[in-house]
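Text of structure23.tsv, listed as TSV, C-alpha atoms and all ligand atoms:
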```
chain	number	residue	atom	x	y	z
A	1	MET	CA	35.60	-4.54	-20.48
A	2	SER	CA	33.95	-1.37	-19.40
A	3	VAL	CA	30.69	-0.42	-21.03
A	4	SER	CA	30.72	2.87	-22.89
A	5	PRO	CA	27.62	4.70	-24.11
A	6	GLU	CA	28.48	3.76	-27.71
A	7	ASN	CA	27.77	0.13	-27.04
A	8	TYR	CA	24.71	0.70	-24.90
A	9	ARG	CA	21.66	-0.98	-26.30
A	10	LEU	CA	19.21	1.53	-24.83
A	11	HIS	CA	19.03	4.69	-26.91
A	12	ASP	CA	16.51	7.49	-27.26
A	13	LEU	CA	15.50	7.27	-23.65
A	14	PRO	CA	13.27	9.93	-22.14
A	15	PRO	CA	14.79	12.00	-19.30
A	16	LEU	CA	15.27	9.54	-16.45
A	17	VAL	CA	13.70	9.91	-13.03
A	18	ASP	CA	15.77	9.10	-9.95
A	19	LEU	CA	13.34	8.38	-7.12
A	20	HIS	CA	15.84	7.90	-4.31
A	21	CYS	CA	18.75	10.26	-3.78
A	22	HIS	CA	20.40	11.83	-0.73
A	23	LEU	CA	20.94	15.12	-2.53
A	24	ILE	CA	20.03	17.61	0.21
A	25	PRO	CA	23.25	18.93	1.74
A	26	GLY	CA	24.11	18.66	5.39
A	27	VAL	CA	21.12	16.79	6.73
A	28	ASP	CA	22.03	13.10	6.65
A	29	ASP	CA	24.86	10.92	5.34
A	30	GLY	CA	24.33	12.25	1.80
A	31	ALA	CA	25.83	15.39	0.24
A	32	HIS	CA	27.79	17.26	2.89
A	33	ASP	CA	27.54	20.72	1.32
A	34	GLU	CA	26.02	22.57	-1.62
A	35	ALA	CA	29.14	22.13	-3.75
A	36	GLU	CA	28.73	18.36	-3.46
A	37	SER	CA	25.00	18.59	-4.25
A	38	LEU	CA	25.94	20.54	-7.39
A	39	ARG	CA	28.50	17.89	-8.40
A	40	MET	CA	25.85	15.20	-7.92
A	41	MET	CA	23.40	17.13	-10.09
A	42	GLN	CA	26.03	17.50	-12.83
A	43	VAL	CA	26.78	13.76	-12.72
A	44	ALA	CA	23.07	12.95	-12.86
A	45	LEU	CA	22.35	15.27	-15.76
A	46	ALA	CA	25.27	13.89	-17.78
A	47	ASP	CA	23.79	10.40	-17.29
A	48	GLY	CA	20.44	11.44	-18.77
A	49	ILE	CA	18.58	12.08	-15.52
A	50	GLY	CA	16.01	14.88	-15.70
A	51	THR	CA	14.22	14.58	-12.35
A	52	ILE	CA	15.59	13.73	-8.92
A	53	ALA	CA	13.54	13.09	-5.82
A	54	ALA	CA	15.54	14.37	-2.87
A	55	THR	CA	14.93	11.73	-0.22
A	56	PRO	CA	16.84	12.33	3.02
A	57	HIS	CA	16.48	9.86	5.86
A	58	ALA	CA	13.37	10.81	7.83
A	59	HIS	CA	15.15	10.10	11.10
A	60	ARG	CA	17.83	12.66	10.20
A	61	CYS	CA	15.82	15.39	8.43
A	62	PRO	CA	12.40	16.53	9.66
A	63	ALA	CA	9.83	16.43	6.84
A	64	ASN	CA	8.91	20.09	7.28
A	65	ARG	CA	12.47	21.15	6.36
A	66	VAL	CA	12.50	19.30	3.02
A	67	PRO	CA	10.46	21.75	0.85
A	68	GLU	CA	12.72	24.76	1.55
A	69	LYS	CA	15.81	22.66	0.90
A	70	VAL	CA	14.39	21.33	-2.36
A	71	ALA	CA	13.60	24.91	-3.41
A	72	ARG	CA	17.24	25.81	-2.76
A	73	LEU	CA	18.47	22.84	-4.83
A	74	ASN	CA	16.26	23.97	-7.71
A	75	GLU	CA	17.79	27.45	-7.39
A	76	ILE	CA	21.28	25.94	-7.57
A	77	ALA	CA	20.29	23.97	-10.68
A	78	GLN	CA	18.96	27.13	-12.32
A	79	GLU	CA	21.96	29.25	-11.35
A	80	ASN	CA	24.17	26.63	-13.01
A	81	ARG	CA	21.89	26.21	-16.03
A	82	LEU	CA	21.24	22.56	-15.31
A	83	ASP	CA	18.07	21.28	-16.92
A	84	LEU	CA	17.12	19.30	-13.87
A	85	ARG	CA	14.04	19.24	-11.66
A	86	ILE	CA	14.35	18.38	-7.98
A	87	VAL	CA	11.20	17.20	-6.23
A	88	PRO	CA	10.62	16.50	-2.53
A	89	GLY	CA	10.55	13.15	-0.80
A	90	ILE	CA	11.81	11.39	2.28
A	91	GLU	CA	13.09	7.90	3.05
A	92	VAL	CA	11.03	6.42	5.84
A	93	ARG	CA	12.61	3.68	7.93
A	94	TYR	CA	10.18	1.02	9.03
A	95	ASP	CA	9.21	0.77	12.65
A	96	PRO	CA	6.20	-0.93	14.18
A	97	ASN	CA	4.61	2.49	14.94
A	98	LEU	CA	5.18	3.78	11.46
A	99	PHE	CA	1.51	4.28	10.68
A	100	SER	CA	0.82	6.45	13.73
A	101	ARG	CA	3.93	8.47	12.90
A	102	PHE	CA	2.62	8.88	9.36
A	103	GLU	CA	-0.72	10.07	10.74
A	104	ALA	CA	1.14	12.56	12.95
A	105	GLY	CA	2.59	14.13	9.77
A	106	GLU	CA	6.17	13.00	10.29
A	107	PHE	CA	6.68	11.91	6.68
A	108	LEU	CA	6.47	13.20	3.14
A	109	THR	CA	5.44	11.36	0.02
A	110	LEU	CA	7.38	11.41	-3.26
A	111	ASN	CA	6.63	14.71	-5.03
A	112	ASP	CA	3.43	15.05	-2.97
A	113	THR	CA	1.92	12.03	-4.71
A	114	ARG	CA	0.49	8.95	-2.98
A	115	TYR	CA	3.85	7.13	-3.15
A	116	MET	CA	6.13	6.99	-0.12
A	117	LEU	CA	9.65	5.55	-0.05
A	118	LEU	CA	9.92	2.94	2.69
A	119	GLU	CA	13.02	1.07	3.80
A	120	LEU	CA	13.18	-1.95	6.08
A	121	TYR	CA	15.98	-3.12	8.36
A	122	LEU	CA	19.03	-4.15	6.33
A	123	SER	CA	19.85	-7.01	8.68
A	124	GLY	CA	17.89	-8.86	11.28
A	125	SER	CA	14.58	-10.51	10.79
A	126	TRP	CA	11.92	-9.36	8.38
A	127	PRO	CA	9.45	-7.17	10.32
A	128	LYS	CA	6.50	-9.24	11.52
A	129	ARG	CA	3.98	-6.44	11.05
A	130	VAL	CA	5.17	-5.21	7.68
A	131	MET	CA	2.13	-6.50	5.79
A	132	GLU	CA	-0.23	-4.91	8.35
A	133	THR	CA	1.63	-1.60	8.03
A	134	ILE	CA	1.39	-1.76	4.23
A	135	ALA	CA	-2.36	-2.44	4.54
A	136	GLU	CA	-2.78	0.52	6.94
A	137	LEU	CA	-0.94	2.83	4.56
A	138	HIS	CA	-2.98	1.61	1.59
A	139	GLU	CA	-6.16	2.15	3.59
A	140	ALA	CA	-5.04	5.75	4.21
A	141	GLY	CA	-4.40	6.24	0.47
A	142	VAL	CA	-0.61	5.99	0.64
A	143	TRP	CA	1.31	3.62	-1.60
A	144	PRO	CA	4.65	2.54	-0.16
A	145	VAL	CA	7.58	1.85	-2.49
A	146	LEU	CA	10.05	-0.65	-1.07
A	147	ALA	CA	13.54	0.86	-1.14
A	148	HIS	CA	16.63	-1.14	-2.24
A	149	ALA	CA	15.08	-4.59	-1.76
A	150	GLU	CA	18.26	-6.39	-2.80
A	151	ARG	CA	20.16	-5.06	0.22
A	152	TYR	CA	18.04	-6.82	2.83
A	153	GLU	CA	19.66	-9.92	4.27
A	154	ASP	CA	16.34	-11.78	4.33
A	155	VAL	CA	15.79	-11.07	0.62
A	156	GLN	CA	19.31	-12.21	-0.18
A	157	HIS	CA	18.62	-15.49	1.61
A	158	ASP	CA	15.16	-16.02	0.16
A	159	PRO	CA	13.84	-13.54	-2.44
A	160	ALA	CA	10.42	-15.24	-2.29
A	161	ILE	CA	9.88	-13.28	0.94
A	162	LEU	CA	8.98	-10.38	-1.37
A	163	LEU	CA	6.11	-12.17	-3.06
A	164	ASP	CA	3.49	-11.08	-0.50
A	165	VAL	CA	4.73	-7.50	-0.65
A	166	ILE	CA	4.49	-7.49	-4.46
A	167	ALA	CA	1.10	-9.20	-4.39
A	168	ALA	CA	-0.09	-6.37	-2.12
A	169	GLY	CA	0.87	-3.95	-4.91
A	170	VAL	CA	4.09	-2.52	-3.49
A	171	PRO	CA	6.62	-1.57	-6.18
A	172	VAL	CA	10.13	-2.88	-5.49
A	173	GLN	CA	13.09	-0.53	-6.02
A	174	LEU	CA	16.67	-1.65	-6.61
A	175	ASN	CA	19.81	0.46	-6.29
A	176	ALA	CA	21.56	1.11	-9.58
A	177	ASP	CA	24.98	0.24	-8.18
A	178	SER	CA	23.77	-3.23	-7.26
A	179	LEU	CA	23.35	-3.88	-11.00
A	180	ALA	CA	26.17	-1.80	-12.45
A	181	GLY	CA	28.51	-0.64	-9.75
A	182	ARG	CA	30.40	-1.96	-6.77
A	183	PRO	CA	27.65	-3.23	-4.49
A	184	GLU	CA	28.06	-4.69	-1.05
A	185	ARG	CA	28.28	-8.45	-0.72
A	186	GLY	CA	25.17	-10.33	-1.83
A	187	ALA	CA	23.41	-7.34	-3.35
A	188	ARG	CA	24.37	-7.97	-6.98
A	189	GLU	CA	23.17	-11.57	-6.95
A	190	ALA	CA	19.90	-10.59	-5.30
A	191	ALA	CA	19.34	-7.65	-7.66
A	192	GLU	CA	19.99	-9.79	-10.73
A	193	TYR	CA	17.67	-12.50	-9.43
A	194	LEU	CA	14.89	-9.97	-8.78
A	195	VAL	CA	15.20	-8.45	-12.26
A	196	SER	CA	15.41	-11.83	-14.00
A	197	ASN	CA	12.26	-12.97	-12.20
A	198	ARG	CA	10.28	-9.73	-12.77
A	199	MET	CA	10.25	-9.02	-9.04
A	200	ALA	CA	11.72	-5.52	-9.30
A	201	HIS	CA	9.91	-2.53	-10.76
A	202	LEU	CA	12.18	0.47	-10.27
A	203	VAL	CA	15.86	1.36	-10.31
A	204	ALA	CA	17.07	4.43	-8.41
A	205	SER	CA	20.52	5.61	-7.42
A	206	ASP	CA	20.23	6.01	-3.61
A	207	ALA	CA	23.23	8.25	-4.24
A	208	HIS	CA	24.98	9.74	-1.23
A	209	ASN	CA	27.62	11.78	-3.06
A	210	SER	CA	29.20	12.13	-6.51
A	211	ARG	CA	31.73	9.31	-6.08
A	212	TRP	CA	30.48	6.60	-3.75
A	213	ARG	CA	27.21	5.26	-5.12
A	214	PRO	CA	26.87	8.24	-7.51
A	215	PRO	CA	23.58	9.33	-9.12
A	216	LEU	CA	23.91	7.15	-12.23
A	217	LEU	CA	21.10	5.08	-13.72
A	218	HIS	CA	21.75	4.39	-17.39
A	219	ALA	CA	24.29	1.58	-16.94
A	220	ALA	CA	21.93	-0.19	-14.53
A	221	PHE	CA	19.12	-0.08	-17.11
A	222	GLU	CA	21.56	-1.58	-19.62
A	223	ARG	CA	22.05	-4.47	-17.23
A	224	VAL	CA	18.27	-4.80	-16.80
A	225	ALA	CA	17.98	-4.95	-20.61
A	226	GLU	CA	20.57	-7.76	-20.69
A	227	LEU	CA	18.83	-9.72	-17.94
A	228	ALA	CA	15.16	-9.19	-18.74
A	229	GLY	CA	15.00	-7.54	-22.15
A	230	GLU	CA	14.87	-4.01	-23.42
A	231	GLU	CA	11.12	-3.74	-23.02
A	232	TYR	CA	11.37	-4.54	-19.32
A	233	ALA	CA	14.08	-1.89	-18.89
A	234	ARG	CA	11.91	0.68	-20.63
A	235	THR	CA	8.96	-0.30	-18.44
A	236	MET	CA	11.07	0.29	-15.34
A	237	ILE	CA	12.04	3.72	-16.67
A	238	ALA	CA	8.39	4.54	-17.35
A	239	ASN	CA	7.40	3.34	-13.87
A	240	ALA	CA	9.58	5.96	-12.20
A	241	THR	CA	8.10	8.67	-14.44
A	242	ALA	CA	4.59	7.49	-13.52
A	243	ILE	CA	5.41	7.53	-9.81
A	244	VAL	CA	6.56	11.16	-9.71
A	245	ALA	CA	3.38	12.00	-11.63
A	246	GLY	CA	1.31	10.09	-9.05
A	247	GLU	CA	0.00	7.63	-11.63
A	248	PRO	CA	-0.65	3.95	-10.90
A	249	ILE	CA	1.77	1.37	-12.26
A	250	ALA	CA	1.08	-2.23	-13.14
A	251	LEU	CA	3.20	-4.84	-11.37
A	252	PRO	CA	3.73	-7.98	-13.44
A	253	ARG	CA	3.05	-11.32	-11.81
A	254	PRO	CA	6.50	-12.54	-10.75
A	255	ASP	CA	7.59	-15.82	-12.23
A	256	VAL	CA	9.78	-17.41	-9.60
A	257	VAL	CA	11.74	-20.03	-11.41
A	258	SER	CA	14.54	-20.88	-9.07
A	259	ARG	CA	16.09	-20.13	-5.74
A	260	LEU	CA	19.17	-17.97	-5.46
B	301	FE	FE	18.56	5.88	0.85
```
The structure given in the file should be rewritten as structure tokens.
Ligand SMILES: [Fe+2]
Amino acid sequence: MSVSPENYRLHDLPPLVDLHCHLIPGVDDGAHDEAESLRMMQVALADGIGTIAATPHAHRCPANRVPEKVARLNEIAQENRLDLRIVPGIEVRYDPNLFSRFEAGEFLTLNDTRYMLLELYLSGSWPKRVMETIAELHEAGVWPVLAHAERYEDVQHDPAILLDVIAAGVPVQLNADSLAGRPERGAREAAEYLVSNRMAHLVASDAHNSRWRPPLLHAAFERVAELAGEEYARTMIANATAIVAGEPIALPRPDVVSRL
């Protein structure tokens, strides 16, 4: 049975914040033109989203081009009377020299706060220096957010690999479609495990267009409410709002009860 808004358990939500979205047209594998960006914004707004961080892949879109493109997206929203705010960001792919690249100004944080969206390799072994890189970023006053944790093969095999990352204070983001869409193999199980064990702190769309992995969040928060309770879903929603405001968030101590 499909879930319709009438039987959602989460009502009276504040405007949602989508922290991870490939909304900028023509720069990466996200929206291919402005018409598609507009469709994505319409889909997002209809789902209750009020703020979107535009986060192109850093290896496809130089950081210094993001602000002008975000300004254009805000213009498009205004021209179409969409009550939506687009803020800048970038999705940084891990590499062992990431910190020196950060120091060289290659990256942007989320909405010019201390938070920076960081993705690891989807397959292959967990990076050996990832904890050192996190410590270097923290030392420099930057707080990485781990993108779509449920998609990493190593996490799917052993979610406990995230415990050190969480203990270091790194918020863990899941993709909404892993909880309420058509995720790739293994991602749904991992996402549900991470929510059920309080090892995930954020849900974002990681949308690439208006159809495939669209910018929808509400249904995923419904699933979070089913798995971990309404309060936990509301905390996740508040976490994303705090992040775009640059405020600290509290990460609960994960209770790992079982293996996947
Ligand atoms: Fe992404």
Which one of A:Met131, A:Ile24, A:Leu118, A:Ile86 sits closest to Asp164 (chain A) if you count only C-alpha atoms?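 The shortest atom-to-atom distance to Asp164 (chain A) comes from A:Met131.
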For CA of Ala238 (chain A) and CA of Asp47 (chain A), the interatomic separation in Å (one decimal): 16.5 Å
Protein and nucleic residues near ligand FE 301 (chain B), 9 Å, only C-alpha atoms and all ligand atoms, as a list in words: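 Using only C-alpha atoms and all ligand atoms, everything at most 9 Å from ligand FE 301 (chain B) comes to His20, Cys21, His22, Gly30, Thr55, Pro56, His57, Ile90, Glu91, Leu117, Glu119, Ala147, His148, Ser205, Asp206, Ala207 and His208 of chain A.
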Radius query 9 Å about (10.2, 6.0, 9.4), atoms used: all atoms listed in the file, as a list in words: His57, Ala58, His59, Glu91, Val92, Arg93, Tyr94, Asp95, Asn97, Leu98, Phe99, Arg101, Phe102, Glu106, Phe107, Leu118 and Glu119 of chain A
Identify, on the basis of all atoms listed in the file, every residue whose closest approach to Ala176 (chain A) does not exceed 10 Å; exclude the query and any residue fewer than 5 positions from it along the same chain; express the result as a compact mmCIF listing (two decimals) with C-alpha atoms, in the frame of the given file.
```txt
# COMPACT_ATOMS: atom_id res chain seq x y z
CA ASP A 18 15.77 9.10 -9.95
CA HIS A 148 16.63 -1.14 -2.24
CA GLY A 181 28.51 -0.64 -9.75
CA ARG A 182 30.40 -1.96 -6.77
CA PRO A 183 27.65 -3.23 -4.49
CA ARG A 188 24.37 -7.97 -6.98
CA ALA A 191 19.34 -7.65 -7.66
CA LEU A 202 12.18 0.47 -10.27
CA VAL A 203 15.86 1.36 -10.31
CA ALA A 204 17.07 4.43 -8.41
CA SER A 205 20.52 5.61 -7.42
CA ASP A 206 20.23 6.01 -3.61
CA ALA A 207 23.23 8.25 -4.24
CA ARG A 213 27.21 5.26 -5.12
CA PRO A 214 26.87 8.24 -7.51
CA PRO A 215 23.58 9.33 -9.12
CA LEU A 216 23.91 7.15 -12.23
CA LEU A 217 21.10 5.08 -13.72
CA HIS A 218 21.75 4.39 -17.39
CA ALA A 219 24.29 1.58 -16.94
CA ALA A 220 21.93 -0.19 -14.53
CA PHE A 221 19.12 -0.08 -17.11
CA ARG A 223 22.05 -4.47 -17.23
CA VAL A 224 18.27 -4.80 -16.80
```
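You can rank A:Ile237, A:Ser210, A:Arg81, A:Leu73 by their closest distance to Val43 (chain A) using all atoms listed in the file, and at the top of that list sits A:Ser210.
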Protein and nucleic acid residues near (2.7, -14.2, -12.6) (cut-off 10 Å, all atoms listed in the file) as an NGL selection string: :A and (167 or 197-199 or 251-256)
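Take CA of Pro127 (chain A) and CA of Tyr152 (chain A): the distance between them is 11.4 Å.
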Using only C-alpha atoms, which of the listed residues (A:Asn7, A:Thr51, A:Thr113, A:Asn64) sits closest to Glu247 (chain A)?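 Among A:Asn7, A:Thr51, A:Thr113, A:Asn64, it is A:Thr113 that comes nearest to Glu247 (chain A).
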Could you name the residues that touch Leu16 (chain A) at 6 Å or less, counting only C-alpha atoms, but leaving out those on the same chain fewer than 4 positions away, as a list in words? Gly48, Ile49 and Gly50 of chain A
Using CA of Met116 (chain A) and CA of His138 (chain A) as the two end points, give the distance in Å to one decimal. 10.7 Å
Check the smallest atom-to-atom distance from each of A:Leu23, A:Ala245, A:Ala77, A:Leu146 to Arg114 (chain A) using all atoms listed in the file, then report the winner. A:Ala245
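Minimum atom-to-atom distances from A:Asn209, A:Ser196, A:Gln156, A:Thr109 to Ala225 (chain A) were compared using only C-alpha atoms, and the lowest value belongs to A:Ser196.
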Counting all atoms listed in the file, the residue of A:Leu10, A:Pro159, A:Asn111, A:Thr235 that sits nearest Ile249 (chain A):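 Closest to Ile249 (chain A) of all the choices is A:Thr235.
Once Leu122 (chain A) and its same-chain neighbours fewer than 3 positions away are set aside, Glu119, Ser125, Trp126, His148, Ala149, Glu150, Arg151, Tyr152, Glu153, Asp154 and Val155 of chain A remain within 10 Å of it when counting only C-alpha atoms.
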